[in-house]
>>> print(open('target-v7.txt').read())   # compact mmCIF, C-alpha atoms
# COMPACT_ATOMS: atom_id res chain seq x y z
CA MET A 1 98.67 72.81 89.99
CA LYS A 2 100.61 74.51 92.77
CA LYS A 3 103.53 76.86 92.31
CA LEU A 4 105.58 78.65 94.95
CA PHE A 5 106.87 82.06 93.94
CA GLY A 6 109.36 84.42 95.54
CA VAL A 7 108.72 88.12 95.44
CA SER A 8 109.51 89.76 92.11
CA ASP A 9 108.80 93.27 90.89
CA MET A 10 107.20 93.89 87.55
CA HIS A 11 108.48 96.81 85.50
CA PRO A 12 106.34 97.43 82.42
CA ASP A 13 108.00 99.76 79.91
CA VAL A 14 104.89 101.76 79.05
CA CYS A 15 102.34 103.06 81.52
CA PRO A 16 99.53 105.65 81.34
CA LEU A 17 100.23 108.59 83.65
CA ASP A 18 97.15 108.04 85.83
CA VAL A 19 97.71 104.31 86.39
CA HIS A 20 100.46 102.73 88.46
CA PRO A 21 102.81 100.34 86.58
CA GLN A 22 101.92 97.38 88.84
CA THR A 23 98.23 97.65 87.89
CA VAL A 24 99.13 97.90 84.20
CA GLY A 25 101.37 94.83 84.59
CA ALA A 26 98.49 92.77 85.98
CA ARG A 27 96.16 93.84 83.18
CA ALA A 28 98.78 93.26 80.50
CA MET A 29 99.52 89.76 81.83
CA MET A 30 95.84 88.83 81.58
CA GLN A 31 95.48 90.27 78.08
CA GLN A 32 98.58 88.43 76.84
CA GLY A 33 97.23 85.15 78.14
CA GLY A 34 100.13 83.88 80.25
CA THR A 35 99.60 80.94 82.52
CA THR A 36 96.75 81.05 84.99
CA GLU A 37 99.26 81.05 87.84
CA SER A 38 101.22 83.98 86.36
CA GLN A 39 97.97 85.92 85.83
CA ILE A 40 96.96 85.40 89.46
CA LYS A 41 100.46 86.18 90.71
CA ALA A 42 100.36 89.49 88.80
CA ILE A 43 96.97 90.35 90.37
CA VAL A 44 98.18 89.55 93.91
CA GLU A 45 101.43 91.50 93.46
CA ALA A 46 99.55 94.49 91.99
CA TRP A 47 97.15 94.41 94.96
CA ALA A 48 100.05 94.34 97.48
CA ASP A 49 101.80 97.17 95.65
CA ALA A 50 98.60 99.26 95.73
CA VAL A 51 98.30 98.60 99.48
CA ARG A 52 101.90 99.79 100.02
CA ARG A 53 101.09 103.02 98.15
CA HIS A 54 97.66 103.51 99.80
CA ASP A 55 96.08 103.46 96.33
CA LEU A 56 92.47 102.48 97.04
CA SER A 57 91.46 102.23 93.38
CA GLY A 58 94.42 99.88 92.77
CA ILE A 59 93.46 97.81 95.81
CA LEU A 60 89.90 97.40 94.52
CA ALA A 61 90.82 96.93 90.85
CA HIS A 62 90.41 93.12 90.70
CA HIS A 63 87.73 92.56 93.36
CA GLU A 64 84.18 91.29 92.95
CA GLN A 65 81.39 93.62 94.11
CA ASP A 66 80.21 90.93 96.55
CA ILE A 67 83.67 90.34 98.11
CA VAL A 68 83.73 88.64 101.50
CA MET A 69 86.72 89.37 103.75
CA PHE A 70 87.75 88.02 107.13
CA ASP A 71 90.31 90.37 108.67
CA VAL A 72 92.58 90.54 111.71
CA PRO A 73 91.02 93.68 113.29
CA PRO A 74 87.25 94.05 113.66
CA PRO A 75 84.86 93.66 112.04
CA LEU A 76 85.02 89.89 111.97
CA GLN A 77 83.77 89.89 108.40
CA SER A 78 83.07 92.41 105.67
CA ARG A 79 80.53 91.65 102.97
CA GLY A 80 80.35 93.66 99.76
CA MET A 81 82.52 96.36 98.26
CA ALA A 82 81.27 99.17 100.53
CA GLU A 83 82.22 97.28 103.71
CA TYR A 84 85.52 96.13 102.19
CA LYS A 85 86.44 99.74 101.32
CA LYS A 86 85.76 100.86 104.91
CA THR A 87 88.35 98.42 106.29
CA TRP A 88 91.12 100.30 104.49
CA ASP A 89 90.41 103.53 106.42
CA LEU A 90 91.58 101.83 109.63
CA PHE A 91 94.60 100.24 107.93
CA PHE A 92 95.74 103.55 106.41
CA ARG A 93 95.64 105.21 109.87
CA TYR A 94 98.34 102.85 111.16
CA HIS A 95 100.32 101.85 108.08
CA LYS A 96 102.55 104.47 106.46
CA PRO A 97 103.19 104.28 102.69
CA SER A 98 106.92 103.91 103.42
CA GLN A 99 106.32 100.74 105.45
CA ALA A 100 106.37 97.22 104.12
CA PHE A 101 103.45 95.27 102.76
CA ASP A 102 105.56 92.61 101.12
CA ILE A 103 104.68 89.11 99.93
CA GLU A 104 107.37 86.78 101.27
CA GLU A 105 105.86 83.50 100.05
CA LEU A 106 103.10 82.84 97.54
CA ALA A 107 101.53 79.55 96.48
CA ILE A 108 98.77 79.39 93.86
CA THR A 109 96.39 76.54 93.10
CA ALA A 110 94.11 77.09 90.12
CA GLY A 111 91.45 75.33 88.10
CA GLU A 112 89.52 76.68 85.13
CA ASP A 113 86.92 78.65 87.11
CA VAL A 114 88.26 79.01 90.65
CA ALA A 115 91.65 79.47 92.26
CA PHE A 116 93.19 80.32 95.55
CA ALA A 117 96.44 81.89 96.59
CA VAL A 118 98.04 81.53 100.00
CA ALA A 119 100.78 83.84 101.16
CA ILE A 120 102.89 85.03 104.03
CA VAL A 121 102.98 88.83 104.05
CA ARG A 122 105.23 91.20 106.01
CA CYS A 123 103.40 94.29 107.19
CA GLY A 124 104.79 97.45 108.75
CA SER A 125 108.51 96.73 108.96
CA GLY A 126 111.39 95.52 106.86
CA THR A 127 111.19 97.53 103.67
CA PHE A 128 113.14 96.73 100.51
CA SER A 129 114.66 100.23 100.60
CA GLY A 130 115.65 100.45 104.25
CA PRO A 131 116.27 98.73 107.56
CA PRO A 132 113.52 96.91 109.48
CA GLU A 133 111.31 99.07 111.66
CA GLU A 134 109.87 98.02 115.01
CA GLY A 135 106.24 97.02 115.23
CA GLY A 136 105.92 95.03 112.04
CA PHE A 137 104.52 91.53 111.82
CA LEU A 138 103.94 88.61 109.49
CA PHE A 139 100.42 87.52 108.65
CA ARG A 140 98.76 84.77 106.64
CA LEU A 141 96.76 85.70 103.56
CA THR A 142 94.35 83.51 101.63
CA ILE A 143 92.69 84.88 98.50
CA GLY A 144 89.89 83.10 96.64
CA LEU A 145 89.40 84.02 92.99
CA CYS A 146 86.80 83.24 90.34
CA ASN A 147 87.24 83.34 86.60
CA THR A 148 84.47 85.04 84.65
CA ASP A 149 84.98 85.14 80.89
CA GLY A 150 88.76 85.02 81.28
CA ASP A 151 88.88 87.72 83.96
CA TRP A 152 90.23 86.55 87.33
CA ARG A 153 88.45 88.41 90.16
CA ILE A 154 89.08 88.32 93.92
CA ALA A 155 85.93 87.03 95.64
CA HIS A 156 87.38 86.33 99.10
CA GLU A 157 90.24 87.49 101.31
CA HIS A 158 91.20 86.06 104.68
CA HIS A 159 93.94 87.74 106.73
CA SER A 160 95.07 86.06 109.94
CA VAL A 161 97.82 85.90 112.53
CA PRO A 162 98.67 82.92 114.73
CA SER A 163 97.07 82.90 118.16
CA SER A 164 99.45 83.78 120.95
CA ASP A 165 97.71 81.46 123.43
>>> encode(input="target-v7.txt", output="structure tokens")
Amino acid sequence: MKKLFGVSDMHPDVCPLDVHPQTVGARAMMQQGGTTESQIKAIVEAWADAVRRHDLSGILAHHEQDIVMFDVPPPLQSRGMAEYKKTWDLFFRYHKPSQAFDIEELAITAGEDVAFAVAIVRCGSGTFSGPPEEGGFLFRLTIGLCNTDGDWRIAHEHHSVPSSD
């Protein structure tokens, strides 16, 4: 089943002080059941929100320990949580928390045990709260997820930009 979502913010009413509302929203959606697609959408939106805020624990919250990521800047691939964490050091050097990391399109296809989400993400310019900034770009995002005992986990990320050649 495939669904295309626009960007929507989640605003849970109650949130522990040490946890961001977006992360709580993703957890609450999974505990309440919801549809598979809405559970995955909540996870992807919580991840993007954590990236915007440079919240590494929020970024890692729904990832498998043996994550494999293909990214735009080197390295070509990162295998495992330790390598995945290192990639965020480079990103945080160039991306300011006030800059965009916004999902513009999101399509989710899910079965019982595996799912994938494809998205177009705006990075570095065009924030919801202000005018576009120079230097931003759109990129493609593919996320592969696996379901273990009702818990959707991110097992793969692939970030890419179109070739200019």
>>> closest_residue(input="target-v7.txt", among="A:Asp66, A:Glu45, A:Glu83, A:Asp151", to="Ala119 (chain A)", atoms="all atoms listed in the file")
A:Glu45
>>> closest_residue(input="target-v7.txt", among="A:Gly80, A:Pro75, A:Gly124, A:Gly144", to="Thr109 (chain A)", atoms="all atoms listed in the file")
A:Gly144
>>> atom_distance(input="target-v7.txt", atom1="CA of Ile43 (chain A)", atom2="CA of His62 (chain A)")
7.1 Å
>>> closest_atom_pairs(input="target-v7.txt", of="region 66-118 of chain A", to="region 34-38 of chain A", cutoff="9 Å", atoms="all atoms listed in the file", output="Markdown table")
| residue | atom | partner | partner_atom | distance |
| --- | --- | --- | --- | --- |
| A:Ile108 | CA | A:Glu37 | CA | 6.3 |
| A:Thr109 | CA | A:Glu37 | CA | 7.5 |
| A:Ala110 | CA | A:Glu37 | CA | 6.9 |
| A:Gly111 | CA | A:Thr36 | CA | 8.4 |
| A:Glu112 | CA | A:Thr36 | CA | 8.4 |
| A:Ala115 | CA | A:Glu37 | CA | 8.9 |
>>> residues_near_point(input="target-v7.txt", point="(95.9, 97.1, 94.9)", cutoff="10 Å", atoms="all atoms listed in the file", output="PyMOL selection string")
chain A and resi 20+22-23+43-63
>>> write_last_selection(input="target-v7.txt", atoms="C-alpha atoms", output="short mmCIF file (atom, residue, chain, number, x, y, z; two decimals), in the coordinates of the input")
data_model
loop_
_atom_site.label_atom_id
_atom_site.label_comp_id
_atom_site.auth_asym_id
_atom_site.auth_seq_id
_atom_site.Cartn_x
_atom_site.Cartn_y
_atom_site.Cartn_z
CA HIS A 20 100.46 102.73 88.46
CA GLN A 22 101.92 97.38 88.84
CA THR A 23 98.23 97.65 87.89
CA ILE A 43 96.97 90.35 90.37
CA VAL A 44 98.18 89.55 93.91
CA GLU A 45 101.43 91.50 93.46
CA ALA A 46 99.55 94.49 91.99
CA TRP A 47 97.15 94.41 94.96
CA ALA A 48 100.05 94.34 97.48
CA ASP A 49 101.80 97.17 95.65
CA ALA A 50 98.60 99.26 95.73
CA VAL A 51 98.30 98.60 99.48
CA ARG A 52 101.90 99.79 100.02
CA ARG A 53 101.09 103.02 98.15
CA HIS A 54 97.66 103.51 99.80
CA ASP A 55 96.08 103.46 96.33
CA LEU A 56 92.47 102.48 97.04
CA SER A 57 91.46 102.23 93.38
CA GLY A 58 94.42 99.88 92.77
CA ILE A 59 93.46 97.81 95.81
CA LEU A 60 89.90 97.40 94.52
CA ALA A 61 90.82 96.93 90.85
CA HIS A 62 90.41 93.12 90.70
CA HIS A 63 87.73 92.56 93.36
#
>>> atom_distance(input="target-v7.txt", atom1="CA of Val68 (chain A)", atom2="CA of His156 (chain A)")
4.9 Å
>>> atom_distance(input="target-v7.txt", atom1="CA of Phe137 (chain A)", atom2="CA of Val161 (chain A)")
8.8 Å
>>> residues_around(input="target-v7.txt", residues="His159 (chain A)", least_positions_apart="6", cutoff="8 Å", atoms="all atoms listed in the file", output="PyMOL selection string")
chain A and resi 69-72+139-142
>>> closest_residue(input="target-v7.txt", among="A:Ile120, A:Leu76, A:Val114, A:Leu106", to="Cys146 (chain A)", atoms="all atoms listed in the file")
A:Val114
>>> closest_residue(input="target-v7.txt", among="A:Ala82, A:Leu138, A:Thr87, A:Gln77", to="Glu104 (chain A)", atoms="all atoms listed in the file")
A:Leu138
>>> closest_residue(input="target-v7.txt", among="A:Gln99, A:Gln39, A:Ser160, A:Thr148", to="Gly136 (chain A)", atoms="all atoms listed in the file")
A:Gln99
>>> closest_residue(input="target-v7.txt", among="A:Arg79, A:Lys86, A:Arg153, A:Lys96", to="Phe116 (chain A)", atoms="all atoms listed in the file")
A:Arg153
